[in-house]
$ cat upload_30.json   # JSON, C-alpha atoms
[["chain", "number", "residue", "atom", "x", "y", "z"],
["A", 98, "MET", "CA", 17.60, -10.88, -1.33],
["A", 99, "ALA", "CA", 20.22, -8.19, -1.01],
["A", 100, "THR", "CA", 20.61, -5.32, 1.38],
["A", 101, "ASP", "CA", 22.93, -2.34, 1.28],
["A", 102, "THR", "CA", 23.18, 1.18, 2.61],
["A", 103, "GLN", "CA", 23.93, 4.33, 0.68],
["A", 104, "LYS", "CA", 25.17, 7.08, 2.97],
["A", 105, "VAL", "CA", 24.17, 10.42, 1.55],
["A", 106, "PRO", "CA", 26.23, 13.29, 2.99],
["A", 107, "THR", "CA", 24.40, 16.05, 4.81],
["A", 108, "SER", "CA", 25.63, 19.45, 5.89],
["A", 109, "GLU", "CA", 25.65, 18.46, 9.54],
["A", 110, "LYS", "CA", 25.15, 15.35, 11.63],
["A", 111, "THR", "CA", 21.58, 15.03, 12.86],
["A", 112, "THR", "CA", 19.45, 12.24, 14.24],
["A", 113, "ARG", "CA", 16.68, 11.63, 11.75],
["A", 114, "PRO", "CA", 13.72, 9.29, 12.10],
["A", 115, "ARG", "CA", 13.70, 6.31, 9.75],
["A", 116, "ALA", "CA", 10.88, 5.04, 7.53],
["A", 117, "LEU", "CA", 10.68, 1.67, 5.78],
["A", 118, "VAL", "CA", 8.59, 1.70, 2.61],
["A", 119, "THR", "CA", 7.60, -1.47, 0.73],
["A", 120, "GLY", "CA", 6.75, -1.38, -2.96],
["A", 121, "ALA", "CA", 9.04, 1.63, -3.13],
["A", 122, "SER", "CA", 10.26, 1.23, -6.71],
["A", 123, "SER", "CA", 7.39, 3.11, -8.38],
["A", 124, "GLY", "CA", 4.03, 4.82, -7.95],
["A", 125, "ILE", "CA", 2.65, 5.52, -4.49],
["A", 126, "GLY", "CA", 5.57, 3.79, -2.74],
["A", 127, "GLU", "CA", 8.13, 5.89, -4.58],
["A", 128, "GLU", "CA", 6.18, 9.02, -3.69],
["A", 129, "PHE", "CA", 6.07, 8.02, -0.01],
["A", 130, "ALA", "CA", 9.86, 7.72, -0.07],
["A", 131, "LYS", "CA", 10.28, 11.14, -1.68],
["A", 132, "GLN", "CA", 7.90, 12.98, 0.62],
["A", 133, "LEU", "CA", 9.23, 11.31, 3.76],
["A", 134, "ALA", "CA", 12.83, 12.10, 2.79],
["A", 135, "ALA", "CA", 11.80, 15.73, 2.20],
["A", 136, "ASN", "CA", 10.16, 15.71, 5.65],
["A", 137, "GLY", "CA", 13.38, 14.68, 7.40],
["A", 138, "TYR", "CA", 13.31, 10.87, 7.34],
["A", 139, "ASP", "CA", 16.04, 8.45, 6.42],
["A", 140, "ILE", "CA", 14.59, 5.79, 4.15],
["A", 141, "VAL", "CA", 14.69, 2.00, 3.81],
["A", 142, "LEU", "CA", 13.47, 1.11, 0.32],
["A", 143, "VAL", "CA", 12.00, -2.35, -0.28],
["A", 144, "ALA", "CA", 10.96, -3.86, -3.62],
["A", 145, "ARG", "CA", 11.83, -6.60, -6.11],
["A", 146, "ARG", "CA", 13.53, -4.45, -8.75],
["A", 147, "ARG", "CA", 16.96, -3.34, -7.63],
["A", 148, "ASP", "CA", 17.64, -1.05, -10.57],
["A", 149, "ARG", "CA", 14.51, 0.94, -9.81],
["A", 150, "LEU", "CA", 15.32, 1.10, -6.12],
["A", 151, "GLU", "CA", 18.74, 2.48, -6.92],
["A", 152, "ARG", "CA", 17.16, 5.13, -9.15],
["A", 153, "VAL", "CA", 14.70, 6.16, -6.43],
["A", 154, "GLY", "CA", 17.43, 6.14, -3.78],
["A", 155, "GLY", "CA", 19.61, 8.37, -5.90],
["A", 156, "GLU", "CA", 16.86, 10.99, -6.00],
["A", 157, "LEU", "CA", 16.41, 11.19, -2.21],
["A", 158, "THR", "CA", 18.78, 14.04, -1.45],
["A", 159, "GLY", "CA", 19.72, 14.69, 2.16],
["A", 160, "ALA", "CA", 18.64, 11.26, 3.39],
["A", 161, "SER", "CA", 20.50, 8.10, 4.30],
["A", 162, "VAL", "CA", 19.08, 5.39, 2.03],
["A", 163, "GLU", "CA", 19.08, 1.62, 2.48],
["A", 164, "ILE", "CA", 17.99, -0.76, -0.25],
["A", 165, "ILE", "CA", 16.46, -4.17, 0.40],
["A", 166, "GLU", "CA", 15.85, -6.16, -2.78],
["A", 167, "SER", "CA", 13.06, -8.50, -1.73],
["A", 168, "ASP", "CA", 10.03, -10.33, -3.13],
["A", 169, "LEU", "CA", 7.47, -10.04, -0.35],
["A", 170, "SER", "CA", 5.19, -12.63, -1.92],
["A", 171, "THR", "CA", 7.74, -15.20, -0.66],
["A", 172, "GLN", "CA", 8.44, -16.05, 2.97],
["A", 173, "ALA", "CA", 12.17, -15.62, 2.44],
["A", 174, "GLY", "CA", 11.54, -12.09, 1.19],
["A", 175, "VAL", "CA", 9.34, -11.25, 4.16],
["A", 176, "ASP", "CA", 11.88, -12.69, 6.59],
["A", 177, "SER", "CA", 14.62, -10.43, 5.20],
["A", 178, "VAL", "CA", 12.52, -7.34, 5.91],
["A", 179, "ILE", "CA", 11.42, -8.58, 9.33],
["A", 180, "ALA", "CA", 15.10, -8.98, 10.26],
["A", 181, "ARG", "CA", 15.66, -5.33, 9.36],
["A", 182, "ILE", "CA", 12.61, -4.16, 11.32],
["A", 183, "LYS", "CA", 13.75, -6.09, 14.41],
["A", 184, "ARG", "CA", 16.78, -3.84, 14.69],
["A", 185, "GLY", "CA", 14.30, -1.48, 16.36],
["A", 186, "ASP", "CA", 15.09, 1.80, 14.62],
["A", 187, "ILE", "CA", 12.10, 2.03, 12.26],
["A", 188, "ASN", "CA", 9.86, 4.95, 13.23],
["A", 189, "MET", "CA", 7.41, 4.54, 10.36],
["A", 190, "LEU", "CA", 6.40, 1.47, 8.35],
["A", 191, "VAL", "CA", 4.56, 1.99, 5.06],
["A", 192, "ASN", "CA", 3.05, -1.26, 3.78],
["A", 193, "ASN", "CA", 2.48, -0.29, 0.17],
["A", 194, "ALA", "CA", 3.55, -3.42, -1.73],
["A", 195, "GLY", "CA", 0.65, -5.15, -3.45],
["A", 196, "PHE", "CA", -0.96, -5.94, -6.76],
["A", 197, "GLY", "CA", -4.35, -6.74, -8.26],
["A", 198, "THR", "CA", -5.77, -9.12, -10.86],
["A", 199, "ASN", "CA", -8.68, -8.53, -13.21],
["A", 200, "GLY", "CA", -11.12, -10.94, -14.84],
["A", 201, "ASP", "CA", -13.56, -13.74, -14.15],
["A", 202, "PHE", "CA", -12.22, -15.47, -11.01],
["A", 203, "SER", "CA", -12.74, -18.95, -12.47],
["A", 204, "ASP", "CA", -10.57, -18.08, -15.48],
["A", 205, "LEU", "CA", -7.67, -16.55, -13.57],
["A", 206, "PRO", "CA", -4.58, -18.67, -12.72],
["A", 207, "LEU", "CA", -4.94, -19.84, -9.12],
["A", 208, "ASP", "CA", -1.21, -19.56, -8.44],
["A", 209, "ARG", "CA", -1.35, -15.84, -9.24],
["A", 210, "GLU", "CA", -4.40, -15.34, -7.00],
["A", 211, "MET", "CA", -2.60, -17.05, -4.11],
["A", 212, "GLN", "CA", 0.50, -14.92, -4.72],
["A", 213, "GLU", "CA", -1.77, -11.87, -4.52],
["A", 214, "ILE", "CA", -3.09, -13.01, -1.14],
["A", 215, "ASP", "CA", 0.43, -13.76, 0.10],
["A", 216, "LEU", "CA", 1.63, -10.26, -0.77],
["A", 217, "ASN", "CA", -1.44, -8.16, 0.02],
["A", 218, "VAL", "CA", -2.42, -9.98, 3.22],
["A", 219, "ARG", "CA", 0.18, -12.35, 4.60],
["A", 220, "ALA", "CA", 3.26, -10.16, 4.14],
["A", 221, "LEU", "CA", 1.49, -7.03, 5.39],
["A", 222, "THR", "CA", 0.27, -8.84, 8.50],
["A", 223, "GLN", "CA", 3.72, -10.19, 9.31],
["A", 224, "LEU", "CA", 5.41, -6.81, 8.85],
["A", 225, "CYS", "CA", 2.81, -5.08, 11.05],
["A", 226, "HIS", "CA", 3.41, -7.65, 13.77],
["A", 227, "ALA", "CA", 7.18, -7.24, 13.53],
["A", 228, "ALA", "CA", 7.00, -3.44, 13.69],
["A", 229, "LEU", "CA", 4.50, -3.10, 16.53],
["A", 230, "ALA", "CA", 6.66, -4.76, 19.18],
["A", 231, "PRO", "CA", 9.57, -2.25, 19.08],
["A", 232, "MET", "CA", 7.17, 0.66, 18.54],
["A", 233, "LYS", "CA", 5.14, -0.40, 21.56],
["A", 234, "ALA", "CA", 8.29, -0.57, 23.67],
["A", 235, "LYS", "CA", 9.21, 2.99, 22.66],
["A", 236, "HIS", "CA", 5.62, 4.30, 22.93],
["A", 237, "SER", "CA", 5.93, 5.90, 19.50],
["A", 238, "GLY", "CA", 5.71, 5.01, 15.84],
["A", 239, "THR", "CA", 3.47, 5.01, 12.80],
["A", 240, "ILE", "CA", 2.23, 2.30, 10.47],
["A", 241, "ILE", "CA", 0.47, 3.19, 7.22],
["A", 242, "ASN", "CA", -1.18, 0.29, 5.39],
["A", 243, "VAL", "CA", -2.29, 0.91, 1.82],
["A", 244, "GLY", "CA", -5.80, -0.32, 1.19],
["A", 245, "SER", "CA", -8.16, 0.90, -1.52],
["A", 246, "THR", "CA", -11.61, 2.33, -2.11],
["A", 247, "GLY", "CA", -12.20, -1.31, -3.07],
["A", 248, "SER", "CA", -11.80, -2.10, 0.63],
["A", 249, "TYR", "CA", -15.37, -0.92, 1.13],
["A", 250, "GLN", "CA", -17.28, -3.32, -1.11],
["A", 251, "PRO", "CA", -16.99, -6.56, -3.07],
["A", 252, "VAL", "CA", -15.74, -5.96, -6.62],
["A", 253, "PRO", "CA", -16.72, -8.66, -9.11],
["A", 254, "TYR", "CA", -13.95, -9.24, -11.70],
["A", 255, "MET", "CA", -11.42, -7.95, -9.18],
["A", 256, "ALA", "CA", -12.71, -10.29, -6.49],
["A", 257, "THR", "CA", -9.45, -11.34, -4.83],
["A", 258, "TYR", "CA", -7.98, -7.85, -4.86],
["A", 259, "ALA", "CA", -11.00, -6.22, -3.20],
["A", 260, "ALA", "CA", -11.19, -9.04, -0.64],
["A", 261, "THR", "CA", -7.53, -8.56, 0.31],
["A", 262, "LYS", "CA", -8.01, -4.81, 0.66],
["A", 263, "ALA", "CA", -11.08, -5.30, 2.86],
["A", 264, "TYR", "CA", -8.81, -7.33, 5.13],
["A", 265, "VAL", "CA", -6.23, -4.54, 5.13],
["A", 266, "LEU", "CA", -8.83, -1.96, 6.15],
["A", 267, "HIS", "CA", -10.33, -4.07, 8.91],
["A", 268, "LEU", "CA", -6.95, -5.12, 10.30],
["A", 269, "SER", "CA", -5.72, -1.53, 10.26],
["A", 270, "GLU", "CA", -8.79, -0.21, 12.08],
["A", 271, "ALA", "CA", -8.51, -2.90, 14.73],
["A", 272, "LEU", "CA", -4.78, -2.28, 15.22],
["A", 273, "HIS", "CA", -5.44, 1.46, 15.37],
["A", 274, "GLU", "CA", -7.65, 0.97, 18.43],
["A", 275, "GLU", "CA", -5.15, -1.39, 20.09],
["A", 276, "ALA", "CA", -2.01, 0.60, 19.35],
["A", 277, "LYS", "CA", -3.18, 4.10, 20.25],
["A", 278, "SER", "CA", -3.19, 3.05, 23.91],
["A", 279, "TYR", "CA", 0.62, 2.80, 23.76],
["A", 280, "GLY", "CA", 1.32, 5.82, 21.59],
["A", 281, "VAL", "CA", 1.46, 4.20, 18.14],
["A", 282, "ASN", "CA", -0.77, 5.19, 15.23],
["A", 283, "VAL", "CA", -1.92, 2.68, 12.63],
["A", 284, "SER", "CA", -3.64, 4.23, 9.63],
["A", 285, "CYS", "CA", -5.14, 2.83, 6.44],
["A", 286, "LEU", "CA", -4.80, 4.76, 3.19],
["A", 287, "CYS", "CA", -7.68, 3.99, 0.80],
["A", 288, "PRO", "CA", -6.95, 5.62, -2.56],
["A", 289, "GLY", "CA", -9.15, 5.38, -5.62],
["A", 290, "LEU", "CA", -7.93, 5.63, -9.21],
["A", 291, "THR", "CA", -4.31, 6.83, -9.08],
["A", 292, "LYS", "CA", -1.87, 7.47, -11.92],
["A", 293, "THR", "CA", 0.53, 4.58, -11.36],
["A", 294, "GLU", "CA", 1.42, 1.35, -13.19],
["A", 295, "PHE", "CA", -0.86, -0.66, -10.85],
["A", 296, "HIS", "CA", -3.66, -0.88, -13.39],
["A", 297, "GLU", "CA", -1.36, -2.01, -16.18],
["A", 298, "VAL", "CA", -0.05, -4.84, -13.98],
["A", 299, "ALA", "CA", -3.63, -5.76, -13.00],
["A", 300, "GLY", "CA", -4.75, -5.83, -16.64],
["A", 301, "VAL", "CA", -7.28, -3.04, -16.16],
["A", 302, "ASN", "CA", -8.28, -1.07, -19.26],
["A", 303, "THR", "CA", -7.83, 2.50, -18.04],
["A", 304, "LYS", "CA", -9.32, 3.87, -21.27],
["A", 305, "SER", "CA", -12.71, 2.30, -20.63],
["A", 306, "ALA", "CA", -15.61, 4.73, -20.28],
["A", 307, "ALA", "CA", -16.16, 3.76, -16.63],
["A", 308, "LEU", "CA", -12.58, 4.66, -15.69],
["A", 309, "ARG", "CA", -11.93, 7.88, -17.58],
["A", 310, "SER", "CA", -12.36, 10.38, -14.75],
["A", 311, "GLY", "CA", -11.47, 10.91, -11.11],
["A", 312, "TRP", "CA", -7.76, 10.05, -11.33],
["A", 313, "ALA", "CA", -5.45, 11.32, -8.57],
["A", 314, "THR", "CA", -1.70, 11.82, -8.57],
["A", 315, "PRO", "CA", 0.58, 9.83, -6.25],
["A", 316, "ALA", "CA", 1.75, 13.15, -4.76],
["A", 317, "SER", "CA", -1.75, 14.17, -3.65],
["A", 318, "VAL", "CA", -2.55, 10.68, -2.35],
["A", 319, "VAL", "CA", 0.60, 10.48, -0.23],
["A", 320, "LYS", "CA", 0.17, 14.02, 1.08],
["A", 321, "THR", "CA", -3.30, 13.05, 2.31],
["A", 322, "ALA", "CA", -1.98, 9.85, 3.90],
["A", 323, "LEU", "CA", 0.84, 11.55, 5.78],
["A", 324, "GLY", "CA", -1.46, 14.32, 6.99],
["A", 325, "ALA", "CA", -3.99, 11.80, 8.28],
["A", 326, "ALA", "CA", -1.31, 9.74, 10.01],
["A", 327, "LYS", "CA", 0.16, 12.84, 11.65],
["A", 328, "SER", "CA", -3.25, 13.80, 13.01],
["A", 329, "GLY", "CA", -3.80, 10.29, 14.40],
["A", 330, "SER", "CA", -6.58, 9.32, 11.98],
["A", 331, "ALA", "CA", -7.40, 5.67, 11.41],
["A", 332, "ILE", "CA", -8.41, 6.06, 7.75],
["A", 333, "ALA", "CA", -7.40, 8.36, 4.91],
["A", 334, "VAL", "CA", -9.54, 8.49, 1.76],
["A", 335, "PRO", "CA", -8.04, 10.98, -0.71],
["A", 336, "GLY", "CA", -10.37, 13.04, -2.88],
["A", 337, "THR", "CA", -13.92, 14.32, -2.52],
["A", 338, "MET", "CA", -15.29, 11.84, -5.06],
["A", 339, "ASN", "CA", -13.73, 8.88, -3.28],
["A", 340, "LYS", "CA", -14.98, 10.06, 0.10],
["A", 341, "GLY", "CA", -18.48, 10.32, -1.35],
["A", 342, "MET", "CA", -18.37, 6.89, -2.96],
["A", 343, "THR", "CA", -17.12, 5.13, 0.16],
["A", 344, "SER", "CA", -19.77, 6.89, 2.26],
["A", 345, "LEU", "CA", -22.62, 6.04, -0.12],
["A", 346, "ASN", "CA", -21.85, 2.35, 0.27],
["A", 347, "ARG", "CA", -23.32, 2.56, 3.76],
["A", 348, "PHE", "CA", -26.72, 3.65, 2.46],
["A", 349, "PHE", "CA", -27.24, 1.34, -0.53],
["A", 350, "PRO", "CA", -28.21, -2.34, -0.24],
["A", 351, "ARG", "CA", -25.22, -4.64, -0.67],
["A", 352, "PHE", "CA", -26.77, -6.34, -3.71],
["A", 353, "MET", "CA", -26.92, -2.96, -5.45],
["A", 354, "VAL", "CA", -23.34, -2.04, -4.55],
["A", 355, "ARG", "CA", -21.91, -5.29, -5.91],
["A", 356, "LYS", "CA", -24.07, -5.11, -9.06],
["A", 357, "ILE", "CA", -22.81, -1.61, -9.85],
["A", 358, "ALA", "CA", -19.17, -2.60, -9.22],
["A", 359, "GLY", "CA", -19.65, -5.80, -11.21],
["A", 360, "ALA", "CA", -21.15, -3.98, -14.18],
["A", 361, "MET", "CA", -18.25, -1.53, -14.24],
["A", 362, "PHE", "CA", -15.50, -4.12, -14.06],
["A", 363, "LYS", "CA", -17.21, -6.73, -16.27],
["A", 364, "LYS", "CA", -17.20, -4.23, -19.13],
["A", 365, "ASN", "CA", -13.56, -3.55, -18.40],
["A", 366, "ALA", "CA", -12.68, -7.27, -18.32],
["A", 367, "ASP", "CA", -14.59, -7.90, -21.57],
["A", 368, "GLN", "CA", -12.68, -5.10, -23.29],
["A", 369, "MET", "CA", -9.35, -6.58, -22.18],
["A", 370, "HIS", "CA", -10.03, -10.14, -23.40]]
$ encode --input "upload_30.json" --output "structure tokens"
Amino acid sequence: MATDTQKVPTSEKTTRPRALVTGASSGIGEEFAKQLAANGYDIVLVARRRDRLERVGGELTGASVEIIESDLSTQAGVDSVIARIKRGDINMLVNNAGFGTNGDFSDLPLDREMQEIDLNVRALTQLCHAALAPMKAKHSGTIINVGSTGSYQPVPYMATYAATKAYVLHLSEALHEEAKSYGVNVSCLCPGLTKTEFHEVAGVNTKSAALRSGWATPASVVKTALGAAKSGSAIAVPGTMNKGMTSLNRFFPRFMVRKIAGAMFKKNADQMH
């Protein structure tokens, strides 16, 4: 793991809040970094790919940028970020790092499934815990955890991913209630289909009939998340279609919800293999 700071000159010395964004090398994480920098934050970028972090950092004009090259699916990687958080100057933590897998659970490599749990659940939990102590002491701060519309129901053929995101949603809601008493907001962003490289990494066929519509841009997703966090909301679900889908889950029997999700993603898995 490597850490460095790029000081970007500004026209005058000001005290800016600082945000730490994980998974900041592409997609939603990159967009968080860009929008937060534009909104007056200095940025700590965290991801595995240093070359990409340097590219993103170079595009954040007007902000002081730090780069932490770290694999958060390992304890050593998590520890390096915790050490940075413990300096006590992080005003916003965005837990965006994560990945998904796609296919029949029994056929997927177990090591990869466990790595998915380590990143999506274990690392996120540890970083939340590290950030809340200094935020609580200052009676201010924001944590945004990135969940998914998959947080709301089991998803056969993306079983581990949906299970990890259900954890993220439930943890975030619980921490929201605890933390608001001392002036800290914890919010969960639950995006649906978004134009990033997530689906390519997960092995999802984005050209399948079931996944051809309803795609959002990272810019619109992040704008929704930051607006919800600013207003003190516990959950942000971007897009009318996604809001409708997550609400309908409350009214359908669970067996029906999982059958519909399973049918959608089984076809997708069959087309990929």
$ closest_residue --input "upload_30.json" --among "A:Ala326, A:Val283, A:Val318, A:Val143" --to "Ile179 (chain A)" --atoms "only C-alpha atoms"
A:Val143
$ residues_around --input "upload_30.json" --residues "region 185-188 of chain A" --least-positions-apart "6" --cutoff "10 Å" --atoms "all atoms listed in the file" --output "PyMOL selection string"
chain A and resi 113-117+138-141+227-232+234-235+237-240+281
$ write_last_selection --input "upload_30.json" --atoms "C-alpha atoms" --output "tab-separated table (two decimals), keeping the file's coordinate frame"
chain	number	residue	atom	x	y	z
A	113	ARG	CA	16.68	11.63	11.75
A	114	PRO	CA	13.72	9.29	12.10
A	115	ARG	CA	13.70	6.31	9.75
A	116	ALA	CA	10.88	5.04	7.53
A	117	LEU	CA	10.68	1.67	5.78
A	138	TYR	CA	13.31	10.87	7.34
A	139	ASP	CA	16.04	8.45	6.42
A	140	ILE	CA	14.59	5.79	4.15
A	141	VAL	CA	14.69	2.00	3.81
A	227	ALA	CA	7.18	-7.24	13.53
A	228	ALA	CA	7.00	-3.44	13.69
A	229	LEU	CA	4.50	-3.10	16.53
A	230	ALA	CA	6.66	-4.76	19.18
A	231	PRO	CA	9.57	-2.25	19.08
A	232	MET	CA	7.17	0.66	18.54
A	234	ALA	CA	8.29	-0.57	23.67
A	235	LYS	CA	9.21	2.99	22.66
A	237	SER	CA	5.93	5.90	19.50
A	238	GLY	CA	5.71	5.01	15.84
A	239	THR	CA	3.47	5.01	12.80
A	240	ILE	CA	2.23	2.30	10.47
A	281	VAL	CA	1.46	4.20	18.14
$ atom_distance --input "upload_30.json" --atom1 "CA of Val118 (chain A)" --atom2 "CA of Glu270 (chain A)"
19.9 Å
$ closest_residue --input "upload_30.json" --among "A:Asp201, A:Phe196, A:Lys233, A:Asp215" --to "Pro253 (chain A)" --atoms "all atoms listed in the file"
A:Asp201
$ closest_residue --input "upload_30.json" --among "A:Gly174, A:Gly200, A:Gly280, A:Gly124" --to "Arg219 (chain A)" --atoms "only C-alpha atoms"
A:Gly174
$ atom_distance --input "upload_30.json" --atom1 "CA of His273 (chain A)" --atom2 "CA of Tyr249 (chain A)"
17.5 Å
$ closest_residue --input "upload_30.json" --among "A:Val243, A:Asn192, A:Pro315, A:Arg347" --to "Ser123 (chain A)" --atoms "all atoms listed in the file"
A:Pro315
$ atom_distance --input "upload_30.json" --atom1 "CA of Glu210 (chain A)" --atom2 "CA of Tyr258 (chain A)"
8.6 Å
$ residues_around --input "upload_30.json" --residues "region 145-156 of chain A" --least-positions-apart "2" --cutoff "7 Å" --atoms "all atoms listed in the file" --output "list of chain:residue names"
A:Ala121, A:Ser122, A:Glu127, A:Leu142, A:Thr158, A:Val162, A:Ile164, A:Glu166, A:Ser167, A:Asp168
$ write_last_selection --input "upload_30.json" --atoms "C-alpha atoms" --output "compact mmCIF listing (two decimals), in the frame of the given file"
# COMPACT_ATOMS: atom_id res chain seq x y z
CA ALA A 121 9.04 1.63 -3.13
CA SER A 122 10.26 1.23 -6.71
CA GLU A 127 8.13 5.89 -4.58
CA LEU A 142 13.47 1.11 0.32
CA THR A 158 18.78 14.04 -1.45
CA VAL A 162 19.08 5.39 2.03
CA ILE A 164 17.99 -0.76 -0.25
CA GLU A 166 15.85 -6.16 -2.78
CA SER A 167 13.06 -8.50 -1.73
CA ASP A 168 10.03 -10.33 -3.13
$ residues_near_point --input "upload_30.json" --point "(6.0, 6.9, 3.5)" --cutoff "6 Å" --atoms "all atoms listed in the file" --output "list of chain:residue names"
A:Val118, A:Phe129, A:Ala130, A:Leu133, A:Val191
$ residues_around --input "upload_30.json" --residues "Ile125 (chain A)" --least-positions-apart "3" --cutoff "12 Å" --atoms "all atoms listed in the file" --output "ChimeraX atom specification"
/A:118-122,128-132,191-195,242-244,286-295,313-322
$ closest_residue --input "upload_30.json" --among "A:Thr112, A:Asn282, A:Leu205, A:Gly197" --to "Ser330 (chain A)" --atoms "only C-alpha atoms"
A:Asn282
$ closest_residue --input "upload_30.json" --among "A:Ile332, A:Ala144, A:Leu190, A:Leu207" --to "Val265 (chain A)" --atoms "all atoms listed in the file"
A:Ile332
$ decode --input "upload_30.json" --residues "region 232-249 of chain A" --atoms "C-alpha atoms" --output "JSON list (two decimals), in the first residue's frame"
[["chain", "number", "residue", "atom", "x", "y", "z"],
["A", 232, "MET", "CA", -17.11, 12.27, 13.91],
["A", 233, "LYS", "CA", -18.95, 11.62, 17.15],
["A", 234, "ALA", "CA", -16.37, 13.62, 19.08],
["A", 235, "LYS", "CA", -16.83, 16.59, 16.71],
["A", 236, "HIS", "CA", -20.65, 16.20, 16.53],
["A", 237, "SER", "CA", -20.49, 16.39, 12.74],
["A", 238, "GLY", "CA", -19.78, 14.22, 9.74],
["A", 239, "THR", "CA", -21.34, 12.14, 7.01],
["A", 240, "ILE", "CA", -20.99, 8.51, 5.97],
["A", 241, "ILE", "CA", -22.45, 7.29, 2.68],
["A", 242, "ASN", "CA", -22.47, 3.52, 2.20],
["A", 243, "VAL", "CA", -23.19, 2.23, -1.30],
["A", 244, "GLY", "CA", -25.76, -0.53, -1.30],
["A", 245, "SER", "CA", -27.96, -1.55, -4.22],
["A", 246, "THR", "CA", -31.57, -2.09, -5.23],
["A", 247, "GLY", "CA", -30.46, -5.69, -4.66],
["A", 248, "SER", "CA", -30.35, -4.80, -0.96],
["A", 249, "TYR", "CA", -34.12, -5.20, -0.88]]
